[in-house]
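Data block for entry13.pdb (PDB, C-alpha atoms):
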MODEL        1
ATOM      1  CA  ALA A   1       0.000   0.000   0.000
ATOM      2  CA  PRO A   2       1.218   3.557  -0.632
ATOM      3  CA  ALA A   3       2.659   5.253   2.467
ATOM      4  CA  GLY A   4       2.886   8.822   1.272
ATOM      5  CA  ASP A   5       4.424   9.885  -2.006
ATOM      6  CA  ASP A   6       7.833   8.305  -1.515
ATOM      7  CA  ALA A   7       7.236   5.011   0.313
ATOM      8  CA  ILE A   8       5.371   1.733   0.131
ATOM      9  CA  LEU A   9       4.224  -0.395   3.066
ATOM     10  CA  LYS A  10       4.564  -4.114   2.414
ATOM     11  CA  VAL A  11       3.325  -6.821   4.781
ATOM     12  CA  THR A  12       4.078 -10.433   3.869
ATOM     13  CA  PRO A  13       1.885 -13.296   5.125
ATOM     14  CA  PRO A  14       3.520 -15.956   7.321
ATOM     15  CA  GLU A  15       3.015 -18.650   4.677
ATOM     16  CA  ASP A  16       5.237 -16.720   2.251
ATOM     17  CA  ASP A  17       8.371 -18.186   3.789
ATOM     18  CA  GLU A  18      10.425 -17.495   0.655
ATOM     19  CA  SER A  19      10.247 -13.795   1.557
ATOM     20  CA  ASP A  20      11.503 -14.236   5.115
ATOM     21  CA  GLU A  21      14.886 -12.682   4.318
ATOM     22  CA  GLU A  22      13.644  -9.917   2.001
ATOM     23  CA  ALA A  23      14.602  -7.161   4.438
ATOM     24  CA  ASP A  24      18.078  -8.643   4.890
ATOM     25  CA  ALA A  25      18.637  -8.702   1.133
ATOM     26  CA  LEU A  26      17.413  -5.145   0.664
ATOM     27  CA  GLU A  27      19.733  -4.000   3.460
ATOM     28  CA  LEU A  28      22.662  -5.749   1.783
ATOM     29  CA  TRP A  29      21.854  -4.318  -1.658
ATOM     30  CA  ASP A  30      21.443  -0.855  -0.072
ATOM     31  CA  GLY A  31      19.573   0.618  -3.019
ATOM     32  CA  VAL A  32      21.944  -0.697  -5.698
ATOM     33  CA  GLY A  33      19.738  -2.482  -8.236
ATOM     34  CA  ALA A  34      16.777  -2.678  -5.849
ATOM     35  CA  VAL A  35      14.435  -0.399  -3.939
ATOM     36  CA  ARG A  36      15.775   0.826  -0.607
ATOM     37  CA  LEU A  37      14.586  -0.558   2.702
ATOM     38  CA  LEU A  38      13.535   2.398   4.871
ATOM     39  CA  GLN A  39      12.322   0.581   7.975
ATOM     40  CA  ARG A  40      11.528  -2.963   9.078
ATOM     41  CA  ASP A  41       9.348  -4.550  11.736
ATOM     42  CA  ASP A  42      10.184  -8.235  11.729
ATOM     43  CA  ALA A  43       7.531  -9.167  14.298
ATOM     44  CA  ARG A  44       4.805  -7.756  12.061
ATOM     45  CA  ARG A  45       6.540  -8.920   8.852
ATOM     46  CA  ALA A  46       6.235  -5.296   7.715
ATOM     47  CA  LEU A  47       8.610  -3.379   5.468
ATOM     48  CA  LEU A  48       8.620   0.310   4.612
ATOM     49  CA  LEU A  49      10.166   0.535   1.156
ATOM     50  CA  GLU A  50      11.259   3.193  -1.275
ATOM     51  CA  ARG A  51       8.497   3.845  -3.787
ATOM     52  CA  ALA A  52       9.615   3.405  -7.388
ATOM     53  CA  SER A  53       8.146   6.263  -9.398
ATOM     54  CA  PRO A  54       6.761   6.352 -12.068
ATOM     55  CA  GLY A  55       6.754   2.595 -11.421
ATOM     56  CA  ASP A  56       6.109   1.116 -14.871
ATOM     57  CA  ASP A  57       7.795  -2.232 -15.484
ATOM     58  CA  LEU A  58       9.841  -3.920 -18.204
ATOM     59  CA  SER A  59       6.819  -5.466 -19.912
ATOM     60  CA  ALA A  60       6.135  -2.179 -21.739
ATOM     61  CA  LEU A  61       9.583  -2.107 -23.377
ATOM     62  CA  SER A  62      10.891  -3.737 -26.512
ATOM     63  CA  GLU A  63      12.281  -7.243 -26.183
ATOM     64  CA  ASP A  64      15.916  -6.232 -26.607
ATOM     65  CA  GLU A  65      15.686  -3.270 -24.237
ATOM     66  CA  ALA A  66      13.891  -5.232 -21.508
ATOM     67  CA  THR A  67      16.437  -8.053 -21.665
ATOM     68  CA  ALA A  68      19.405  -5.677 -21.518
ATOM     69  CA  ILE A  69      17.970  -3.849 -18.495
ATOM     70  CA  ALA A  70      17.133  -7.088 -16.680
ATOM     71  CA  SER A  71      20.679  -8.320 -17.195
ATOM     72  CA  ASP A  72      22.129  -5.060 -15.862
ATOM     73  CA  VAL A  73      19.864  -5.042 -12.789
ATOM     74  CA  ALA A  74      20.575  -8.705 -12.076
ATOM     75  CA  ARG A  75      24.319  -8.166 -12.095
ATOM     76  CA  CYS A  76      23.886  -5.462  -9.450
ATOM     77  CA  LEU A  77      22.037  -7.911  -7.237
ATOM     78  CA  TRP A  78      24.166 -11.018  -7.557
ATOM     79  CA  LYS A  79      26.412 -10.760  -4.548
ATOM     80  CA  GLY A  80      29.060 -13.457  -4.386
ATOM     81  CA  GLY A  81      31.124 -14.679  -1.483
ATOM     82  CA  LEU A  82      28.263 -15.312   0.942
ATOM     83  CA  SER A  83      28.293 -18.480   3.036
ATOM     84  CA  PRO A  84      25.072 -20.138   4.280
ATOM     85  CA  GLY A  85      26.690 -20.497   7.694
ATOM     86  CA  LEU A  86      27.645 -16.838   7.943
ATOM     87  CA  SER A  87      24.519 -15.075   6.709
ATOM     88  CA  PRO A  88      20.758 -15.087   7.370
ATOM     89  CA  PHE A  89      20.038 -16.446   3.914
ATOM     90  CA  ARG A  90      18.985 -20.006   3.235
ATOM     91  CA  SER A  91      20.202 -21.999   0.272
ATOM     92  CA  VAL A  92      18.018 -22.695  -2.752
ATOM     93  CA  HIS A  93      18.896 -26.313  -2.039
ATOM     94  CA  ASP A  94      16.897 -26.089   1.186
ATOM     95  CA  HIS A  95      13.835 -25.553  -1.001
ATOM     96  CA  VAL A  96      14.228 -27.246  -4.405
ATOM     97  CA  PRO A  97      13.915 -30.896  -3.236
ATOM     98  CA  ARG A  98      10.651 -30.049  -1.434
ATOM     99  CA  TRP A  99       9.281 -28.146  -4.424
ATOM    100  CA  LEU A 100      10.052 -31.063  -6.734
ATOM    101  CA  ALA A 101       8.531 -33.539  -4.284
ATOM    102  CA  ASN A 102       5.334 -31.471  -4.251
ATOM    103  CA  ALA A 103       5.286 -31.697  -8.066
ATOM    104  CA  ALA A 104       5.676 -35.473  -8.148
ATOM    105  CA  ASP A 105       2.637 -35.914 -10.417
ATOM    106  CA  HIS A 106       3.792 -33.355 -12.995
ATOM    107  CA  PRO A 107       5.029 -34.764 -16.331
ATOM    108  CA  LEU A 108       8.443 -33.145 -16.251
ATOM    109  CA  THR A 109       9.371 -33.984 -12.662
ATOM    110  CA  PRO A 110      11.282 -37.257 -13.340
ATOM    111  CA  LEU A 111      13.574 -35.431 -15.791
ATOM    112  CA  ALA A 112      13.921 -32.492 -13.398
ATOM    113  CA  LEU A 113      14.908 -34.816 -10.561
ATOM    114  CA  GLU A 114      17.536 -36.442 -12.777
ATOM    115  CA  LEU A 115      18.947 -33.048 -13.772
ATOM    116  CA  TYR A 116      18.924 -31.790 -10.202
ATOM    117  CA  ALA A 117      20.729 -34.882  -8.937
ATOM    118  CA  GLY A 118      23.481 -34.322 -11.487
ATOM    119  CA  ILE A 119      23.967 -30.578 -11.165
ATOM    120  CA  GLU A 120      26.761 -29.137  -9.028
ATOM    121  CA  LYS A 121      25.089 -27.630  -5.967
ATOM    122  CA  ARG A 122      26.212 -24.012  -5.747
ATOM    123  CA  ASP A 123      25.020 -21.547  -3.129
ATOM    124  CA  ASP A 124      27.648 -18.823  -3.095
ATOM    125  CA  THR A 125      25.595 -16.009  -4.642
ATOM    126  CA  LEU A 126      22.648 -14.057  -3.297
ATOM    127  CA  VAL A 127      19.918 -14.385  -5.928
ATOM    128  CA  HIS A 128      16.681 -12.444  -6.300
ATOM    129  CA  GLY A 129      14.565 -15.597  -6.565
ATOM    130  CA  ASP A 130      11.762 -14.139  -8.710
ATOM    131  CA  LEU A 131      13.487 -11.948 -11.266
ATOM    132  CA  HIS A 132      11.156 -11.071 -14.141
ATOM    133  CA  HIS A 133       9.655  -8.173 -16.093
ATOM    134  CA  HIS A 134       6.996  -7.253 -13.515
ATOM    135  CA  ASN A 135       9.486  -7.132 -10.647
ATOM    136  CA  ILE A 136      11.782  -4.563 -12.277
ATOM    137  CA  LEU A 137      10.324  -1.053 -12.100
ATOM    138  CA  ARG A 138      11.328   2.328 -13.457
ATOM    139  CA  SER A 139      12.266   4.886 -10.800
ATOM    140  CA  GLU A 140      13.855   8.290 -10.641
ATOM    141  CA  ARG A 141      17.107   6.475  -9.783
ATOM    142  CA  GLY A 142      16.848   4.092 -12.738
ATOM    143  CA  TRP A 143      15.474   0.565 -13.007
ATOM    144  CA  LEU A 144      15.086  -1.213  -9.658
ATOM    145  CA  ALA A 145      14.085  -4.701  -8.584
ATOM    146  CA  ILE A 146      11.249  -5.292  -6.127
ATOM    147  CA  ASP A 147       9.707  -8.293  -4.362
ATOM    148  CA  PRO A 148      12.779 -10.516  -3.957
ATOM    149  CA  LYS A 149      12.599 -14.027  -2.587
ATOM    150  CA  PRO A 150      16.279 -14.014  -1.706
ATOM    151  CA  MET A 151      18.287 -17.189  -1.287
ATOM    152  CA  LEU A 152      21.834 -18.342  -1.771
ATOM    153  CA  GLY A 153      22.295 -20.069  -5.085
ATOM    154  CA  GLU A 154      23.882 -19.154  -8.384
ATOM    155  CA  PRO A 155      22.995 -16.494 -10.978
ATOM    156  CA  GLU A 156      21.748 -19.160 -13.407
ATOM    157  CA  PHE A 157      18.952 -19.994 -10.938
ATOM    158  CA  ASP A 158      17.456 -16.519 -11.458
ATOM    159  CA  VAL A 159      17.110 -16.678 -15.243
ATOM    160  CA  PRO A 160      14.130 -19.070 -15.750
ATOM    161  CA  ALA A 161      11.557 -16.659 -14.316
ATOM    162  CA  PHE A 162      12.656 -14.079 -16.863
ATOM    163  CA  LEU A 163      12.385 -16.620 -19.689
ATOM    164  CA  TRP A 164       8.707 -17.355 -19.061
ATOM    165  CA  ASN A 165       7.562 -13.792 -18.488
ATOM    166  CA  PRO A 166       5.973 -11.250 -18.957
ATOM    167  CA  LEU A 167       2.406 -12.189 -18.054
ATOM    168  CA  PRO A 168       0.599 -14.241 -19.086
ATOM    169  CA  CYS A 169       3.363 -16.627 -18.029
ATOM    170  CA  ARG A 170       4.580 -18.983 -20.703
ATOM    171  CA  LEU A 171       7.990 -19.973 -21.989
ATOM    172  CA  ARG A 172       8.902 -17.352 -24.577
ATOM    173  CA  VAL A 173      10.219 -19.773 -27.185
ATOM    174  CA  GLU A 174      10.367 -17.070 -29.844
ATOM    175  CA  HIS A 175      12.717 -15.008 -27.666
ATOM    176  CA  LEU A 176      14.492 -17.805 -25.845
ATOM    177  CA  GLU A 177      17.826 -17.918 -27.648
ATOM    178  CA  ALA A 178      18.314 -14.133 -27.612
ATOM    179  CA  ARG A 179      17.512 -13.945 -23.908
ATOM    180  CA  LEU A 180      19.895 -16.771 -23.089
ATOM    181  CA  ALA A 181      22.601 -15.155 -25.234
ATOM    182  CA  ALA A 182      22.220 -11.875 -23.325
ATOM    183  CA  PHE A 183      22.814 -13.612 -20.007
ATOM    184  CA  VAL A 184      25.712 -15.600 -21.464
ATOM    185  CA  ALA A 185      27.225 -12.264 -22.454
ATOM    186  CA  ALA A 186      26.815 -11.222 -18.812
ATOM    187  CA  GLY A 187      28.997 -14.165 -17.801
ATOM    188  CA  LEU A 188      26.475 -16.925 -17.082
ATOM    189  CA  ASP A 189      26.755 -20.571 -18.122
ATOM    190  CA  GLU A 190      24.220 -21.428 -20.834
ATOM    191  CA  GLU A 191      23.982 -25.132 -20.046
ATOM    192  CA  ARG A 192      23.283 -24.442 -16.371
ATOM    193  CA  MET A 193      20.602 -21.889 -17.302
ATOM    194  CA  ARG A 194      18.904 -24.476 -19.501
ATOM    195  CA  ARG A 195      19.063 -27.103 -16.769
ATOM    196  CA  TRP A 196      17.678 -24.760 -14.137
ATOM    197  CA  THR A 197      14.858 -23.759 -16.477
ATOM    198  CA  VAL A 198      13.788 -27.394 -16.758
ATOM    199  CA  ILE A 199      14.220 -28.013 -13.023
ATOM    200  CA  ARG A 200      12.275 -24.937 -11.950
ATOM    201  CA  GLY A 201       9.785 -25.335 -14.778
ATOM    202  CA  ALA A 202       8.809 -28.784 -13.525
ATOM    203  CA  TYR A 203       7.080 -27.224 -10.508
ATOM    204  CA  LEU A 204       6.377 -23.692 -11.778
ATOM    205  CA  GLN A 205       5.482 -24.177 -15.457
ATOM    206  CA  PRO A 206       4.452 -27.849 -15.874
ATOM    207  CA  GLN A 207       2.080 -26.929 -18.711
ATOM    208  CA  GLU A 208       5.191 -26.056 -20.763
ATOM    209  CA  ALA A 209       6.668 -29.566 -20.496
ATOM    210  CA  ASP A 210       7.277 -30.041 -24.231
ATOM    211  CA  ALA A 211       8.953 -26.658 -24.690
ATOM    212  CA  LEU A 212      11.063 -27.203 -21.579
ATOM    213  CA  ARG A 213      12.292 -30.607 -22.783
ATOM    214  CA  ALA A 214      13.386 -28.967 -26.030
ATOM    215  CA  LEU A 215      15.825 -26.799 -24.079
ATOM    216  CA  LEU A 216      18.179 -29.725 -23.510
TER     217      LEU A 216
ENDMDL
END
Now, as a test, write the supplied structure out as structure tokens.
Amino acid sequence: APAGDDAILKVTPPEDDESDEEADALELWDGVGAVRLLQRDDARRALLLERASPGDDLSALSEDEATAIASDVARCLWKGGLSPGLSPFRSVHDHVPRWLANAADHPLTPLALELYAGIEKRDDTLVHGDLHHHNILRSERGWLAIDPKPMLGEPEFDVPAFLWNPLPCRLRVEHLEARLAAFVAAGLDEERMRRWTVIRGAYLQPQEADALRALL
């Protein structure tokens, strides 16, 4: 909800456990690539955040421009050198096995489980967790990310959400190769991005099973 002209009040429900460390991430980012945290009340799960104004998102931009901006914002957010034992952030690997188990009846889950078992488990980078067109807003300070679900993982984990957005969510096959190439140019590993897209797609985009299989 708006809290005056320059701030937003956000209250997250207890069941949204992926957002438990949002305030910690925003404090770490300190306004670089993301909205600023102004105040926090952990007991009430309430955050007072910088208001991004005018607040339009990447979905209104051309494909090439939106992808370039998303890549730039993401690189501001990906903080390396963080250890799960020395920070408040949980690892993506604390979540992914449970998410896949909950998707046991989805058609892509057996392949996703095989890929996940074989992938090197990295958790040395603070990732946004839900990086896509509608979570990157225009502000007077430039383009800023909002609504992180921060975890320790690897940059490649963040890319799938961008691949199947903007709304309505579906894998953007017509733009897939160009989007992947943009993130490769930013230093990411293409094969790991493809694998994570299948793994995450098994529980987030099961209706796209055929398109996801074609990524490999």
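When CA of Trp78 in chain A is paired with CA of Thr125 in chain A, their separation reads 6.0 Å.
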Using all atoms listed in the file, pick whichever of A:Arg213, A:Arg90, A:Arg179, A:His95 has the shortest atom-to-atom distance to Ala68 in chain A. A:Arg179
Given the file shown, determine the residues that the PyMOL selection byres ((chain A and resi 156) around 9) selects; report them as a PyMOL selection string. chain A and resi 153-155+157-160+183+188-190+192-194+196-197
Using the selection just defined, write its residues with C-alpha atoms as a PDB file, in the frame of the given file.
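File written: selection16.pdb
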ATOM      1  CA  GLY A 153      22.295 -20.069  -5.085  1.00  0.00           C
ATOM      2  CA  GLU A 154      23.882 -19.154  -8.384  1.00  0.00           C
ATOM      3  CA  PRO A 155      22.995 -16.494 -10.978  1.00  0.00           C
ATOM      4  CA  PHE A 157      18.952 -19.994 -10.938  1.00  0.00           C
ATOM      5  CA  ASP A 158      17.456 -16.519 -11.458  1.00  0.00           C
ATOM      6  CA  VAL A 159      17.110 -16.678 -15.243  1.00  0.00           C
ATOM      7  CA  PRO A 160      14.130 -19.070 -15.750  1.00  0.00           C
ATOM      8  CA  PHE A 183      22.814 -13.612 -20.007  1.00  0.00           C
ATOM      9  CA  LEU A 188      26.475 -16.925 -17.082  1.00  0.00           C
ATOM     10  CA  ASP A 189      26.755 -20.571 -18.122  1.00  0.00           C
ATOM     11  CA  GLU A 190      24.220 -21.428 -20.834  1.00  0.00           C
ATOM     12  CA  ARG A 192      23.283 -24.442 -16.371  1.00  0.00           C
ATOM     13  CA  MET A 193      20.602 -21.889 -17.302  1.00  0.00           C
ATOM     14  CA  ARG A 194      18.904 -24.476 -19.501  1.00  0.00           C
ATOM     15  CA  TRP A 196      17.678 -24.760 -14.137  1.00  0.00           C
ATOM     16  CA  THR A 197      14.858 -23.759 -16.477  1.00  0.00           C
TER      17      THR A 197
END
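Each of A:Leu49, A:Ile136, A:Leu82, A:Leu113 was compared to Pro97 in chain A using only C-alpha atoms, and A:Leu113 turns out to be the nearest.
CA of Leu9 in chain A is positioned 16.7 Å from CA of Ala25 in chain A.
Shortest separation to Gly4 in chain A among A:Asp124, A:Asp64, A:Glu50, A:Asp210 occurs at residue A:Glu50, atoms counted being all atoms listed in the file.
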Give me, as a count of residues only, all polymer residues having an atom no more than 10 Å from His93 in chain A, counting all atoms listed in the file and skipping those fewer than 4 positions away in the same chain. 9
Neighbour list for range 200-205 of chain A as a count of residues only, cut-off 6 Å, all atoms listed in the file, skip fewer than 6 positions in-chain: 3
Check which residues of range 69-172 of chain A sit at most 6 Å from range 56-63 of chain A using only C-alpha atoms, and return one row each with the closest pair of atoms and their distance in Å to one decimal, ordered by chain and rising number, as a tab-separated table.
residue	atom	partner	partner_atom	distance
A:His133	CA	A:Leu58	CA	4.8
A:His134	CA	A:Asp57	CA	5.5
A:Ile136	CA	A:Asp57	CA	5.6
A:Leu137	CA	A:Asp57	CA	4.4
A:Arg138	CA	A:Asp56	CA	5.5
A:Pro166	CA	A:Ser59	CA	5.9
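Across A:Ile199, A:Leu131, A:Ala161, A:Trp143, the tightest approach to Glu65 in chain A is made by A:Trp143 when counting only C-alpha atoms.
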As a short mmCIF file (atom, residue, chain, number, x, y, z; two decimals), in the frame of the given file, the rebuilt range 131-153 of chain A with N, CA and C atoms:
data_model
loop_
_atom_site.label_atom_id
_atom_site.label_comp_id
_atom_site.auth_asym_id
_atom_site.auth_seq_id
_atom_site.Cartn_x
_atom_site.Cartn_y
_atom_site.Cartn_z
N LEU A 131 13.06 -13.05 -10.41
CA LEU A 131 13.49 -11.95 -11.27
C LEU A 131 12.77 -12.03 -12.61
N HIS A 132 11.86 -11.10 -12.86
CA HIS A 132 11.16 -11.07 -14.14
C HIS A 132 10.68 -9.65 -14.43
N HIS A 133 10.03 -9.50 -15.58
CA HIS A 133 9.65 -8.17 -16.09
C HIS A 133 8.84 -7.35 -15.09
N HIS A 134 7.91 -7.99 -14.38
CA HIS A 134 7.00 -7.25 -13.52
C HIS A 134 7.61 -6.93 -12.16
N ASN A 135 8.79 -7.44 -11.90
CA ASN A 135 9.49 -7.13 -10.65
C ASN A 135 10.69 -6.22 -10.86
N ILE A 136 10.75 -5.56 -12.01
CA ILE A 136 11.78 -4.56 -12.28
C ILE A 136 11.07 -3.29 -12.73
N LEU A 137 11.12 -2.26 -11.89
CA LEU A 137 10.32 -1.05 -12.10
C LEU A 137 11.21 0.15 -12.39
N ARG A 138 10.64 1.07 -13.17
CA ARG A 138 11.33 2.33 -13.46
C ARG A 138 11.20 3.27 -12.25
N SER A 139 12.29 3.91 -11.88
CA SER A 139 12.27 4.89 -10.80
C SER A 139 13.09 6.10 -11.21
N GLU A 140 13.05 7.10 -10.37
CA GLU A 140 13.86 8.29 -10.64
C GLU A 140 15.34 7.97 -10.56
N ARG A 141 15.71 6.88 -9.90
CA ARG A 141 17.11 6.48 -9.78
C ARG A 141 17.51 5.46 -10.85
N GLY A 142 16.58 5.13 -11.75
CA GLY A 142 16.85 4.09 -12.74
C GLY A 142 15.96 2.89 -12.50
N TRP A 143 16.28 1.77 -13.13
CA TRP A 143 15.47 0.56 -13.01
C TRP A 143 15.87 -0.19 -11.74
N LEU A 144 14.85 -0.58 -10.95
CA LEU A 144 15.09 -1.21 -9.66
C LEU A 144 14.24 -2.46 -9.49
N ALA A 145 14.81 -3.47 -8.87
CA ALA A 145 14.08 -4.70 -8.58
C ALA A 145 13.25 -4.54 -7.32
N ILE A 146 12.11 -5.23 -7.31
CA ILE A 146 11.25 -5.29 -6.13
C ILE A 146 10.94 -6.76 -5.84
N ASP A 147 10.30 -7.00 -4.71
CA ASP A 147 9.71 -8.29 -4.36
C ASP A 147 10.68 -9.47 -4.46
N PRO A 148 11.87 -9.37 -3.89
CA PRO A 148 12.78 -10.52 -3.96
C PRO A 148 12.34 -11.65 -3.04
N LYS A 149 12.70 -12.84 -3.44
CA LYS A 149 12.60 -14.03 -2.59
C LYS A 149 14.03 -14.54 -2.43
N PRO A 150 14.83 -13.82 -1.67
CA PRO A 150 16.28 -14.01 -1.71
C PRO A 150 16.74 -15.32 -1.07
N MET A 151 17.67 -15.95 -1.75
CA MET A 151 18.29 -17.19 -1.29
C MET A 151 19.72 -17.22 -1.78
N LEU A 152 20.49 -18.12 -1.26
CA LEU A 152 21.83 -18.34 -1.77
C LEU A 152 21.77 -19.43 -2.82
N GLY A 153 22.30 -19.12 -3.99
CA GLY A 153 22.30 -20.07 -5.08
C GLY A 153 23.37 -19.70 -6.08
#
